[in-house]
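Working notes for the structure below.
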Amino acid sequence: MTATIAITVNGERREIPAPATVADLLARIGLDPRKVAVERNLEIVPRSTYATTALAAGDRLEIVHFIGGG
Amino acid sequence: MVTLDFTEAELHRYSRHILLPEVGAIGQARLRASSVLVVGAGGLGSPLALYLAAAGVGRIGIVDHDALELSNLQRQIAHTTARLGRNKAESAAEALAALNPEVQVEVHARHLDADAAEALIPRYDLVCDGTDNFATRFLLGDACHLLGRPLVSAAVLRFEGQLAVFESHRGPPFPCHRCLHPEPPPPGLVPSCSEAGVLGAVTGVMGTLQATEALKRLLGIGESLAGRLLIWDALDMRFRTVRLRRDPACALCGERATIRDLAAHRAAPAAPRVCAA
């Protein structure tokens, strides 16, 4: 039995195997990091730190789309 | 230099601003002495430029290379059906002049390349990005940082809008556009408005928010959005403001920045636009 942590992604609760980073989460939900930004607990996570930012139980994450229309 | 020599007509025109303690006659004179470069006379640029002109921003530059098309008019409300086929910077300038002949409008009917960015940006106090492609967005973000101008940047797609103010040239803690997205997305990864659509009124809200942040910055009032990102989902009718910090590893404003000029933008081919007609 692997340990899991409960986090919220785009308002929906998810259980993910721990330990996990922001990069792990994006890979798990199949999102290309080049087309999103990630917000964790109301703060944008720099893309340079996705692989080193560990997720903690109770984290609230939102996927922010990279848009550029005018 | 701020002078208070308003005409009767100006006092009357701007009376609802002058009534605001945060603006007053001094703030209104400050707006008249200010200049803003609006890049893109489209869905964002239309309400943005109209509100800046109505507010009495003394000099407004409008950059747009494109000719007005029928599919623009669902959202680009500075234009008219009668002006189809005309250059959009010229068409918008007509709308601004009709709304407020007191302000000076400068038409730049050209594509914004690196040379144009270097020539135009230093001539204005503040820059607003309402463009429709990532190549120009990254050029503007880099150029404003390197040339030392605040950038008020809005973007739209479908029912979503985002707004940010970048002042990274002032140093920490202010982030730049590359602290949010280090690189443009590879071609084809992010859909364009012409592929995915956009609700016209969403561009209107975002362009108007952009004008509001620009006016606040020119007046020096309120709490700037700099250091935060505003995200609006019109379908959920939910606004969120999240913190955007300066990334120490950023290639433009970080401790070991590698982008020191606009050379990469001169080498790059024109990228596909993301919100074209």
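The chains in the structure tokens are called A, B, ... from first to last as shown; in each chain the residues are counted from 1, and the ligands are counted from 1 in the order shown.
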
Item to check | Interface residues on chain A facing chain B, 6 Å, only C-alpha atoms, written as a ChimeraX atom specification | outcome: /A:34-35,42-44,68-70

Can I get the selection written as a compact mmCIF listing (two decimals), in the first residue's frame, with N, CA and C atoms?
# COMPACT_ATOMS: atom_id res chain seq x y z
N ARG A 34 4.35 23.28 -21.00
CA ARG A 34 4.62 24.45 -21.83
C ARG A 34 3.36 25.24 -22.17
N LYS A 35 2.18 24.68 -21.85
CA LYS A 35 0.96 25.43 -22.19
C LYS A 35 0.11 25.79 -20.97
N LEU A 42 -2.92 29.82 -4.12
CA LEU A 42 -3.07 31.22 -4.54
C LEU A 42 -1.75 31.88 -4.95
N GLU A 43 -0.78 31.08 -5.35
CA GLU A 43 0.50 31.63 -5.80
C GLU A 43 0.99 30.86 -7.02
N ILE A 44 1.46 31.59 -8.03
CA ILE A 44 1.99 30.93 -9.23
C ILE A 44 3.33 30.25 -8.89
N GLY A 68 -3.26 33.87 -25.21
CA GLY A 68 -2.59 35.04 -25.79
C GLY A 68 -3.41 35.76 -26.82
N GLY A 69 -4.72 35.63 -26.75
CA GLY A 69 -5.57 36.31 -27.73
C GLY A 69 -5.84 37.73 -27.32
N GLY A 70 -6.14 38.55 -28.34
CA GLY A 70 -6.43 39.95 -28.04
C GLY A 70 -7.55 40.46 -28.91

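Residues within 9 Å of range 23-33 of chain A, counting only C-alpha atoms and excluding same-chain residues fewer than 4 positions away, are Ile16, Ala37, Val38, Arg47, Thr49, Tyr50, Ala51, Thr52, Thr53 and Leu55 of chain A; Leu189 of chain B.
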
Checklist entry - Contacts of Val36 in chain A at 7 Å or less, counting only C-alpha atoms, minus same-chain residues fewer than 4 places along, as an NGL selection string? => result :A and (63-66)

Checklist entry - Using the chain letters and numbers from this document, which residues of chain A does DSSP assign to helix (DSSP H, G or I), as a PyMOL selection string? => result chain A and resi 22-28+33-35+47-49

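Considering only C-alpha atoms, the residue among B:Gly188, B:Asp142, B:Val57, B:Ala9 positioned nearest to Thr258 in chain B is B:Asp142.
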
Checklist entry - Which neighbours of Arg260 in chain B fall inside 12 Å, counting only C-alpha atoms, when residues of the same chain fewer than 3 positions from it are skipped, and could you give them as a list in words? => result Asp142, Ala143, His145, Leu146, Leu147, Ala251, Leu252, Cys253, Gly254, Arg256, Ala257, Ala263, Ala264 and His265 of chain B

Mind writing the picked residues with C-alpha atoms as a PDB file, in the first residue's frame?
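This went into again-v1.pdb:
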ATOM      1  CA  ASP B 142      11.201  41.764 -23.118  1.00  0.00           C
ATOM      2  CA  ALA B 143      11.362  45.250 -24.636  1.00  0.00           C
ATOM      3  CA  HIS B 145      11.706  45.305 -19.207  1.00  0.00           C
ATOM      4  CA  LEU B 146      14.882  46.279 -21.081  1.00  0.00           C
ATOM      5  CA  LEU B 147      13.684  49.788 -21.974  1.00  0.00           C
ATOM      6  CA  ALA B 251      16.074  34.453 -18.072  1.00  0.00           C
ATOM      7  CA  LEU B 252      14.954  38.097 -18.353  1.00  0.00           C
ATOM      8  CA  CYS B 253      14.888  39.501 -14.812  1.00  0.00           C
ATOM      9  CA  GLY B 254      16.616  36.777 -12.777  1.00  0.00           C
ATOM     10  CA  ARG B 256      21.716  35.291 -13.967  1.00  0.00           C
ATOM     11  CA  ALA B 257      19.619  36.749 -16.773  1.00  0.00           C
ATOM     12  CA  ALA B 263      18.492  39.993 -30.668  1.00  0.00           C
ATOM     13  CA  ALA B 264      16.477  36.766 -30.362  1.00  0.00           C
ATOM     14  CA  HIS B 265      13.401  38.597 -31.635  1.00  0.00           C
TER      15      HIS B 265
END

Next on the checklist: I need the residue nearest Gly61 in chain B from this list: B:Arg238, B:His177, B:Arg123, B:Arg149. Use only C-alpha atoms for the distance.
Outcome noted: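 Checking each of B:Arg238, B:His177, B:Arg123, B:Arg149 against Gly61 in chain B, counting only C-alpha atoms, the winner is B:Arg123.
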
Item to check | Close residues, Asn10 in chain A itself excluded, 8 Å, only C-alpha atoms, min 6 positions apart in chain, as a PyMOL selection string | outcome: chain A and resi 60-63
